[in-house]
Amino acid sequence: MAYRWTNDLRRADVTPESLWLNRRQVIAGALGAGALGTIASPAMAEALKPNSWEDITSYNNYYEFGTSKEDPATNAHMLNTSGWEIEIDGMVDAPGLYSVAALTDDLTEEERIYRFRCVEAWAMVVPWNGFELKDILDKVGVQSGAKYVAFETALRPDEMPGVRYSVLDWPYREGLRLDEAMHPLTMMATGIYGKPIPNQNGAPIRLVVPWKYGFKSIKSIVRITLTDEEPPTSWNMSNRREYGFYSNVNPEVNHPRWSQATERKIGGGLFNRRQPTLMFNGYGDEVASLYEGMDLSKFF
């Protein structure tokens with residue numbers, strides 16, 4: 001590879017595990033900048049007291065298991081991740097059906113402490129464990145002429161009750177331009193906090209693209225396709241006006257229903273002030289060159 005990404009965040013910057021899993025605090029408005037630095041007072045410490053394991057894993061967005069926030073934790077146990085395989089096809093030298101182990105066994109697992117920015121204007125810092133996507137794609141051989149990478153999530157109606165409803169056009173689909181996919185920041189994550197990713201968070205393997213809004217980081221991947229055409233993506237197909245193909249974090253391009261100029265960090269309690277959203281989620285030095293000359297208000 002051209003170079004290996006060097007992290008500028010530390011363990012002290014990481015959102016506590018309980019808060020990463022605890023979507024209840026997001027919905028309740030208990031958002032803030034506690035991901036950066038330490039707790040400032042006993043009162044704040046009390047406000048950030050973790051919920052029970054059952055509570056902190058019961059509020060997730062994963063529509064394949066239902067649209068209510070409690071549905072993923074209730075239903076995700078139904079997903080059988082043993083023997084998971086990913087079909088890799090399209091413009092590759094070695095298409096086929098690969099186990100996760102076959103794709104990653106001879107690669108070096110890394111911990112990447114990344115900022116994570118949701119399109120809903122909340123943010124956190126998360127330590128992922130996984131592998132650069134480029135290293136996986138290099139193993140199967142990307143052919144000349146490929147321009148995009150398409151991804152699909154599992155579609156298992158017997159294990160994913162949410163797909164029985166036409167909330168989206170299933171299966172869930174996402175895509176990246178090839179240079180985005182091959183960038184050193186882009187990874188395939190298999191763990192969080194050194195533990196396997198829970199089913200409701202995208203087990204057993206998901207994409208992580210830290211300069212884009214979180215919905216671009218597709219979960220529970222079963223197919224990767226190299227293509228020369230821009231692939232369809234689920235939220236863009238559902239509402240093209242609100243969700244563009246690129247979906248880069250950009251404080252200058254608002255969501256039609258809310259501003260993206262500021263964000264709240266999980267962990268600071270009710271009284272933490274919003275802070276400015278960083279262009280490309282703070283990764284502009286690494287990725288801005290990918291979009292040189294593009295009108296980012298048009299290609300949003």
# chains A, B, ... in the order shown; residues from 1 in each chain; ligands from 1

call {"tool": "select_by_dssp", "arguments": {"residues": "segment 79-239 of chain A", "states": "strand (DSSP E)", "output": "PyMOL selection string"}}
result
chain A and resi 85-90+96-99+110-117+122-132+148-153+173-177+187-192+195-196+206-208+221-227

call {"tool": "closest_residue", "arguments": {"among": "A:His183, A:Arg241, A:Lys265, A:Lys139", "to": "Met124 of chain A", "atoms": "only C-alpha atoms"}}
result
A:Lys265

call {"tool": "closest_residue", "arguments": {"among": "A:Ser297, A:Ser68, A:Ser99, A:Asn281", "to": "Gly83 of chain A", "atoms": "only C-alpha atoms"}}
result
A:Ser99

call {"tool": "closest_residue", "arguments": {"among": "A:Ala73, A:Leu79, A:Thr190, A:Val209", "to": "Glu110 of chain A", "atoms": "only C-alpha atoms"}}
result
A:Thr190

call {"tool": "closest_residue", "arguments": {"among": "A:Arg274, A:Arg173, A:Arg112, A:Arg257", "to": "Phe131 of chain A", "atoms": "only C-alpha atoms"}}
result
A:Arg112

call {"tool": "select_by_dssp", "arguments": {"residues": "segment 143-206 of chain A", "states": "alpha helix (DSSP H)", "output": "count of residues only"}}
result
4

call {"tool": "closest_residue", "arguments": {"among": "A:Thr67, A:Thr262, A:Ser82, A:Asn129", "to": "Met160 of chain A", "atoms": "only C-alpha atoms"}}
result
A:Thr67

call {"tool": "closest_residue", "arguments": {"among": "A:Glu120, A:Glu286, A:Asp105, A:Glu263", "to": "Asn61 of chain A", "atoms": "only C-alpha atoms"}}
result
A:Glu120

call {"tool": "closest_atom_pairs", "arguments": {"of": "segment 121-153 of chain A", "to": "segment 200-207 of chain A", "cutoff": "10 Å", "atoms": "only C-alpha atoms", "output": "tab-separated table"}}
result
residue	atom	partner	partner_atom	distance
A:Gly130	CA	A:Ile205	CA	8.6
A:Phe131	CA	A:Leu207	CA	9.8
A:Glu132	CA	A:Leu207	CA	9.7
A:Leu133	CA	A:Leu207	CA	8.2
A:Phe151	CA	A:Leu207	CA	9.0
A:Thr153	CA	A:Arg206	CA	9.0

call {"tool": "residues_around", "arguments": {"residues": "Leu278 of chain A", "least_positions_apart": "6", "cutoff": "10 Å", "atoms": "only C-alpha atoms", "output": "PyMOL selection string"}}
result
chain A and resi 117+211+249-252+260-263+284

call {"tool": "residues_around", "arguments": {"residues": "Asp179 of chain A", "least_positions_apart": "2", "cutoff": "10 Å", "atoms": "only C-alpha atoms", "output": "PyMOL selection string"}}
result
chain A and resi 134+147-149+176-177+181-184+287+290

call {"tool": "residues_around", "arguments": {"residues": "Arg223 of chain A", "least_positions_apart": "5", "cutoff": "8 Å", "atoms": "only C-alpha atoms", "output": "count of residues only"}}
result
8

call {"tool": "atom_distance", "arguments": {"atom1": "atom CA of Gly194 of chain A", "atom2": "atom CA of Glu109 of chain A"}}
result
10.6 Å

call {"tool": "residues_around", "arguments": {"residues": "Tyr193 of chain A", "least_positions_apart": "2", "cutoff": "7 Å", "atoms": "only C-alpha atoms", "output": "PyMOL selection string"}}
result
chain A and resi 127-128+191+195
